[in-house]
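Chemist: Following this line is coords.tsv, made up of TSV, C-alpha atoms and all ligand atoms:
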```
chain	number	residue	atom	x	y	z
A	1000	MET	CA	9.48	6.69	-11.19
A	1001	LYS	CA	7.59	8.13	-8.23
A	1002	VAL	CA	6.45	5.64	-5.60
A	1003	LEU	CA	3.96	6.76	-2.98
A	1004	ALA	CA	3.42	4.48	-0.01
A	1005	LEU	CA	0.20	4.91	1.94
A	1006	SER	CA	-0.55	3.21	5.21
A	1007	GLY	CA	-4.08	3.31	6.60
A	1008	ASN	CA	-2.99	2.97	10.23
A	1009	VAL	CA	-4.57	5.43	12.64
A	1010	LYS	CA	-2.19	4.75	15.51
A	1011	ARG	CA	1.55	4.58	16.03
A	1012	PRO	CA	3.53	2.34	16.26
A	1013	SER	CA	1.87	0.37	13.49
A	1014	ARG	CA	2.50	-3.10	12.12
A	1015	THR	CA	0.96	-2.04	8.81
A	1016	ALA	CA	3.32	0.91	8.47
A	1017	ALA	CA	6.24	-1.40	9.37
A	1018	LEU	CA	5.25	-3.88	6.64
A	1019	VAL	CA	4.74	-1.13	4.05
A	1020	SER	CA	8.19	0.22	5.03
A	1021	VAL	CA	9.77	-3.18	4.27
A	1022	LEU	CA	8.33	-3.00	0.74
A	1023	VAL	CA	9.43	0.57	0.22
A	1024	LYS	CA	12.95	-0.17	1.48
A	1025	ARG	CA	13.37	-3.14	-0.88
A	1026	LEU	CA	11.84	-1.19	-3.77
A	1027	SER	CA	14.29	1.66	-3.33
A	1028	GLU	CA	17.25	-0.74	-2.89
A	1029	ARG	CA	16.45	-2.60	-6.12
A	1030	PHE	CA	14.90	-0.04	-8.45
A	1031	ASP	CA	15.52	3.49	-9.63
A	1032	VAL	CA	12.63	5.16	-7.78
A	1033	GLU	CA	11.81	8.22	-5.67
A	1034	THR	CA	9.76	7.27	-2.64
A	1035	ASP	CA	7.44	9.09	-0.27
A	1036	PHE	CA	5.38	7.68	2.62
A	1037	ILE	CA	2.10	8.98	4.06
A	1038	GLU	CA	0.50	7.44	7.14
A	1039	LEU	CA	-3.19	8.13	7.75
A	1040	VAL	CA	-2.46	8.72	11.44
A	1041	ASP	CA	-0.94	12.01	10.21
A	1042	ALA	CA	-3.08	12.63	7.13
A	1043	ALA	CA	-6.56	11.77	8.43
A	1044	PRO	CA	-6.93	14.79	10.77
A	1045	VAL	CA	-6.16	17.04	7.78
A	1046	LEU	CA	-8.35	15.14	5.30
A	1047	PHE	CA	-11.39	14.82	7.58
A	1048	LYS	CA	-11.67	18.62	7.68
A	1049	ALA	CA	-12.97	18.19	4.12
A	1050	LEU	CA	-15.97	16.05	3.26
A	1051	ARG	CA	-15.51	16.73	-0.47
A	1052	ALA	CA	-12.44	17.42	-2.65
A	1053	ASP	CA	-13.51	21.06	-3.20
A	1054	GLN	CA	-13.26	21.65	0.58
A	1055	LEU	CA	-9.61	20.56	0.91
A	1056	ASP	CA	-7.20	23.08	2.41
A	1057	ALA	CA	-3.63	23.40	1.06
A	1058	ALA	CA	-2.28	20.61	3.27
A	1059	GLY	CA	-5.11	18.27	2.29
A	1060	ARG	CA	-4.75	19.14	-1.40
A	1061	ALA	CA	-1.01	18.31	-1.20
A	1062	ILE	CA	-1.82	14.82	0.13
A	1063	VAL	CA	-4.36	14.14	-2.62
A	1064	ASP	CA	-1.98	15.57	-5.24
A	1065	ALA	CA	0.75	13.19	-4.03
A	1066	VAL	CA	-1.60	10.23	-4.57
A	1067	GLU	CA	-2.73	11.45	-7.98
A	1068	GLY	CA	0.86	12.24	-9.08
A	1069	ALA	CA	2.49	8.92	-8.17
A	1070	ASP	CA	3.42	6.30	-10.79
A	1071	ILE	CA	3.28	3.40	-8.35
A	1072	LEU	CA	1.22	3.17	-5.15
A	1073	VAL	CA	2.03	0.84	-2.26
A	1074	VAL	CA	-1.21	0.80	-0.28
A	1075	GLY	CA	-1.46	-0.84	3.11
A	1076	SER	CA	-4.15	-0.97	5.75
A	1077	PRO	CA	-4.93	-2.69	9.01
A	1078	VAL	CA	-8.07	-4.79	8.66
A	1079	TYR	CA	-10.82	-2.90	10.45
A	1080	ARG	CA	-14.22	-4.55	10.69
A	1081	ALA	CA	-13.32	-6.91	7.81
A	1082	SER	CA	-12.22	-4.12	5.46
A	1083	TYR	CA	-9.54	-1.42	5.06
A	1084	SER	CA	-9.65	1.49	7.48
A	1085	GLY	CA	-12.27	4.19	7.06
A	1086	ALA	CA	-9.53	6.82	7.16
A	1087	LEU	CA	-7.91	5.30	4.07
A	1088	LYS	CA	-11.29	5.13	2.30
A	1089	HIS	CA	-11.87	8.81	3.02
A	1090	LEU	CA	-8.58	9.65	1.27
A	1091	PHE	CA	-9.62	7.66	-1.82
A	1092	ASP	CA	-13.06	9.32	-1.77
A	1093	LEU	CA	-11.19	12.61	-2.31
A	1094	VAL	CA	-9.06	11.33	-5.23
A	1095	ASP	CA	-10.30	12.19	-8.73
A	1096	TYR	CA	-11.91	9.09	-10.25
A	1097	ARG	CA	-9.77	9.46	-13.43
A	1098	ALA	CA	-6.43	10.14	-11.76
A	1099	LEU	CA	-5.16	6.63	-11.06
A	1100	ALA	CA	-5.95	4.87	-14.35
A	1101	GLY	CA	-3.09	2.60	-15.43
A	1102	LYS	CA	-1.00	3.11	-12.30
A	1103	ARG	CA	0.56	0.07	-10.65
A	1104	VAL	CA	-0.64	-0.73	-7.13
A	1105	LEU	CA	0.81	-3.10	-4.53
A	1106	LEU	CA	-1.67	-4.24	-1.88
A	1107	VAL	CA	-0.65	-4.79	1.75
A	1108	ALA	CA	-2.72	-5.53	4.86
A	1109	THR	CA	-2.31	-6.66	8.45
A	1110	GLY	CA	-4.98	-8.20	10.63
A	1111	GLY	CA	-5.58	-9.99	13.88
A	1112	THR	CA	-6.70	-13.23	12.26
A	1113	PRO	CA	-5.70	-15.22	9.16
A	1114	LEU	CA	-9.44	-15.56	8.47
A	1115	HIS	CA	-9.47	-11.99	7.17
A	1116	GLY	CA	-6.53	-12.42	4.77
A	1117	LEU	CA	-8.82	-12.24	1.77
A	1118	MET	CA	-9.66	-8.64	2.63
A	1119	THR	CA	-7.03	-7.75	0.04
A	1120	GLU	CA	-9.03	-9.59	-2.66
A	1121	HIS	CA	-12.61	-8.81	-1.64
A	1122	GLN	CA	-12.32	-5.21	-0.46
A	1123	PHE	CA	-8.97	-3.73	-1.55
A	1124	ARG	CA	-8.72	-5.04	-5.12
A	1125	PRO	CA	-12.24	-3.87	-6.13
A	1126	LEU	CA	-11.46	-0.34	-4.84
A	1127	PHE	CA	-8.48	-0.18	-7.21
A	1128	GLY	CA	-10.51	-1.85	-9.95
A	1129	PHE	CA	-12.88	1.13	-9.68
A	1130	PHE	CA	-9.90	3.43	-10.35
A	1131	ASN	CA	-8.77	1.32	-13.36
A	1132	THR	CA	-5.38	0.68	-11.81
A	1133	ILE	CA	-3.25	-2.40	-12.47
A	1134	THR	CA	-2.85	-4.25	-9.18
A	1135	VAL	CA	0.06	-6.61	-8.60
A	1136	PRO	CA	-1.30	-10.20	-8.42
A	1137	THR	CA	0.43	-11.13	-5.14
A	1138	ALA	CA	-1.01	-9.17	-2.22
A	1139	ILE	CA	0.80	-9.22	1.12
A	1140	TYR	CA	-1.08	-10.06	4.29
A	1141	ALA	CA	0.44	-10.50	7.74
A	1142	THR	CA	-1.10	-11.21	11.12
A	1143	GLU	CA	0.05	-9.99	14.49
A	1144	SER	CA	1.96	-13.28	15.02
A	1145	ASP	CA	4.16	-12.47	11.98
A	1146	PHE	CA	5.71	-9.61	13.98
A	1147	ILE	CA	7.96	-9.36	17.00
A	1148	GLY	CA	6.81	-6.12	18.51
A	1149	HIS	CA	6.24	-4.04	15.39
A	1150	GLU	CA	9.06	-5.59	13.33
A	1151	LEU	CA	8.30	-8.13	10.60
A	1152	ALA	CA	9.62	-11.55	11.69
A	1153	SER	CA	8.14	-13.95	9.13
A	1154	ASP	CA	10.22	-15.50	6.33
A	1155	ALA	CA	7.01	-16.49	4.51
A	1156	VAL	CA	5.73	-12.89	4.45
A	1157	SER	CA	9.20	-11.65	3.50
A	1158	ASP	CA	9.27	-14.09	0.55
A	1159	ARG	CA	5.85	-12.80	-0.53
A	1160	VAL	CA	7.21	-9.26	-0.53
A	1161	ASP	CA	9.98	-10.37	-2.91
A	1162	ARG	CA	7.50	-12.14	-5.15
A	1163	ALA	CA	5.21	-9.09	-5.30
A	1164	LEU	CA	8.19	-6.87	-6.21
A	1165	ALA	CA	9.24	-9.25	-8.99
A	1166	GLU	CA	5.68	-9.18	-10.33
A	1167	LEU	CA	5.62	-5.40	-10.14
A	1168	ALA	CA	8.82	-5.27	-12.20
A	1169	SER	CA	7.40	-7.69	-14.78
A	1170	ILE	CA	4.31	-5.50	-15.36
A	1171	THR	CA	6.11	-2.12	-15.22
A	1172	PRO	CA	8.35	-1.68	-18.30
A	1173	LEU	CA	9.71	1.69	-17.12
A	1174	LEU	CA	10.84	0.33	-13.74
A	1175	ARG	CA	14.63	0.04	-14.00
A	1176	SER	CA	16.69	-2.21	-11.74
A	1177	ILE	CA	19.58	-0.40	-10.06
A	1178	GLY	CA	22.88	-1.54	-11.53
A	1179	SER	CA	21.49	-3.02	-14.74
A	1180	SER	CA	19.83	-0.06	-16.42
A	1181	ALA	CA	19.44	-1.88	-19.74
A	1182	GLU	CA	17.73	-4.85	-18.21
A	1183	PRO	CA	14.33	-4.81	-16.57
A	1184	ALA	CA	13.91	-7.09	-13.52
A	1185	ARG	CA	12.55	-10.52	-14.32
A	1186	LEU	CA	9.93	-12.59	-12.54
A	1187	LYS	CA	11.34	-15.92	-11.38
A	1188	GLN	CA	9.21	-18.98	-12.10
A	1189	ARG	CA	7.60	-20.39	-8.96
A	1190	ALA	CA	9.12	-23.84	-8.20
B	1201	LIG	C1	-11.24	-1.05	15.27
B	1201	LIG	C2	-10.50	-2.32	14.95
B	1201	LIG	C3	-11.08	-3.26	14.13
B	1201	LIG	C4	-10.42	-4.45	13.80
B	1201	LIG	N1	-11.02	-5.34	13.00
B	1201	LIG	C5	-10.35	-6.46	12.61
B	1201	LIG	C6	-10.97	-7.40	11.73
B	1201	LIG	O1	-12.10	-7.26	11.31
B	1201	LIG	N2	-10.24	-8.49	11.36
B	1201	LIG	C7	-8.95	-8.71	11.80
B	1201	LIG	O2	-8.34	-9.71	11.42
B	1201	LIG	N3	-8.35	-7.82	12.65
B	1201	LIG	C8	-9.02	-6.72	13.06
B	1201	LIG	N4	-8.42	-5.81	13.90
B	1201	LIG	C9	-7.00	-6.04	14.30
B	1201	LIG	C10	-6.05	-5.22	13.44
B	1201	LIG	O3	-6.31	-5.36	12.06
B	1201	LIG	C11	-4.60	-5.67	13.66
B	1201	LIG	O4	-4.25	-5.56	15.02
B	1201	LIG	C12	-3.64	-4.85	12.81
B	1201	LIG	O5	-2.41	-5.53	12.67
B	1201	LIG	C13	-3.39	-3.45	13.39
B	1201	LIG	O6	-2.54	-2.77	12.54
B	1201	LIG	P1	-1.70	-1.49	13.00
B	1201	LIG	O7	-0.65	-1.98	13.99
B	1201	LIG	O8	-1.09	-0.99	11.75
B	1201	LIG	O9	-2.67	-0.52	13.62
B	1201	LIG	C14	-9.10	-4.67	14.29
B	1201	LIG	C15	-8.51	-3.71	15.14
B	1201	LIG	C16	-9.19	-2.56	15.46
B	1201	LIG	C17	-8.53	-1.54	16.36
```
Transcribe the structure of this file into structure tokens.
Modeler:
Amino acid sequence: MKVLALSGNVKRPSRTAALVSVLVKRLSERFDVETDFIELVDAAPVLFKALRADQLDAAGRAIVDAVEGADILVVGSPVYRASYSGALKHLFDLVDYRALAGKRVLLVATGGTPLHGLMTEHQFRPLFGFFNTITVPTAIYATESDFIGHELASDAVSDRVDRALAELASITPLLRSIGSSAEPARLKQRA
């Protein structure tokens, strides 16, 4: 299955990109997937040349095609002004409204304050509801204090990553665990 990771960061280094990378690494260690990673710090200058999908150049079209062609999306963003970044929204404004129906989506965000942790529920999840995707129930949110530099350093956030991946496996019948091709990954009961 094709996994596309998107990170809405518009600067580098980025805590959001680091957290999305943790997910992608564990996904590719545990499941039979092809992965690709697009950061908006690279993609936004290309995408903002187009205000509508019919104005995309070849490089912009390739980015939108990658989103539309993925089976699973890992979508992360820094919280900006209590929502996901405008650069990430611009990308999704260019995606065909029918293209993501039924795809699985993992939601990831980083912010400066725990008070904005529900951005994933109040801003991110409705965006993917519009696209008729199936979002994984556990979203992953980390604050600046969960990192040392730009490396994830929180066991609680790390455990949430594992839980989200188990949920993804439980709602994605075609996602095969590496090493047990006959057996799909199972979601452990929460203690
Ligand atoms: C323009 C701007 C707006 C921000 N708005 C918020 C906000 O509303 N809530 C919040 O918790 N953090 C806010 N932050 C902090 C970032 O979300 C936080 O530092 C994040 O981890 C940065 O991610 P990055 O390292 O991937 O860029 C803002 C930062 C910037 C630069």
Chemist: Could you give me the residues within 7 Å of ligand LIG 1201 (chain B), counting all atoms listed in the file, as number ranges by chain?
Modeler: A: 1008-1010, 1012-1016, 1076-1082, 1109-1115, 1142-1143
Chemist: Determine the axis-aligned bounding box of all atoms of region 1101-1111 of chain A present in the file, pad each side by 3 Å, and express its centre and edge lengths in Å to one decimal place as AutoDock Vina command-line options.
Modeler:
```
--center_x -2.4 --center_y -3.4 --center_z -0.8 --size_x 12.4 --size_y 19.1 --size_z 35.3
```
Chemist: Determine, counting all atoms listed in the file, which protein, DNA and RNA residues have an atom within 7 Å of an atom of Gly1075 (chain A); residues of the same chain fewer than 2 positions away are not included. Present the result as a list of chain:residue names.
Modeler: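 After dropping sequence-adjacent residues, the list is A:Leu1005, A:Ser1006, A:Gly1007, A:Thr1015, A:Val1019, A:Val1073, A:Leu1106, A:Val1107, A:Ala1108.
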Chemist: In Å, with one decimal, what is the gap from CA of Leu1046 (chain A) to CA of Leu1022 (chain A)?
Modeler: 25.1 Å
Chemist: Give me the residues within 8 Å of region 1023-1026 of chain A as a PDB file with C-alpha atoms, in the frame of the given file, counting all atoms listed in the file and dropping any in the same chain fewer than 3 places off.
Modeler:
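The resulting file, selection25.pdb, is shown below:
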```
ATOM      1  CA  ALA A1004       3.420   4.480  -0.010  1.00  0.00           C
ATOM      2  CA  VAL A1019       4.740  -1.130   4.050  1.00  0.00           C
ATOM      3  CA  SER A1020       8.190   0.220   5.030  1.00  0.00           C
ATOM      4  CA  ARG A1029      16.450  -2.600  -6.120  1.00  0.00           C
ATOM      5  CA  PHE A1030      14.900  -0.040  -8.450  1.00  0.00           C
ATOM      6  CA  VAL A1032      12.630   5.160  -7.780  1.00  0.00           C
ATOM      7  CA  THR A1034       9.760   7.270  -2.640  1.00  0.00           C
ATOM      8  CA  VAL A1073       2.030   0.840  -2.260  1.00  0.00           C
ATOM      9  CA  LEU A1164       8.190  -6.870  -6.210  1.00  0.00           C
TER      10      LEU A1164
END
```
Chemist: Tell me which residues come within 9 Å of (-1.0, -1.3, -6.4), as JSON, numbers by chain, counting only C-alpha atoms in the file's coordinates.
Modeler: {"A": [1071, 1072, 1073, 1074, 1102, 1103, 1104, 1105, 1106, 1107, 1124, 1127, 1132, 1133, 1134, 1135, 1138, 1167]}
Chemist: Just the number, please: distance in Å from CA of Glu1166 (chain A) to CA of Glu1150 (chain A), one decimal.
Modeler: 24.2 Å
Chemist: For a quick check of understanding, using all atoms listed in the file, which of A:Leu1099, A:Pro1044, A:Leu1117, A:Arg1162 has the smallest distance to Leu1087 (chain A)?
Modeler: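 Using all atoms listed in the file, Leu1087 (chain A) sits closest to A:Pro1044.
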Chemist: Taking all atoms listed in the file into account, name the residue in A:Leu1003, A:Leu1093, A:Tyr1083, A:Gly1148 that is nearest to Gly1116 (chain A).
Modeler: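 Answer, going by the shortest atom-to-atom distance: A:Tyr1083.
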Chemist: Could you please determine the separation between CA of His1149 (chain A) and CA of Ala1017 (chain A) in Å, to one decimal place?
Modeler: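 CA of Ala1017 (chain A) lies 6.6 Å from CA of His1149 (chain A).
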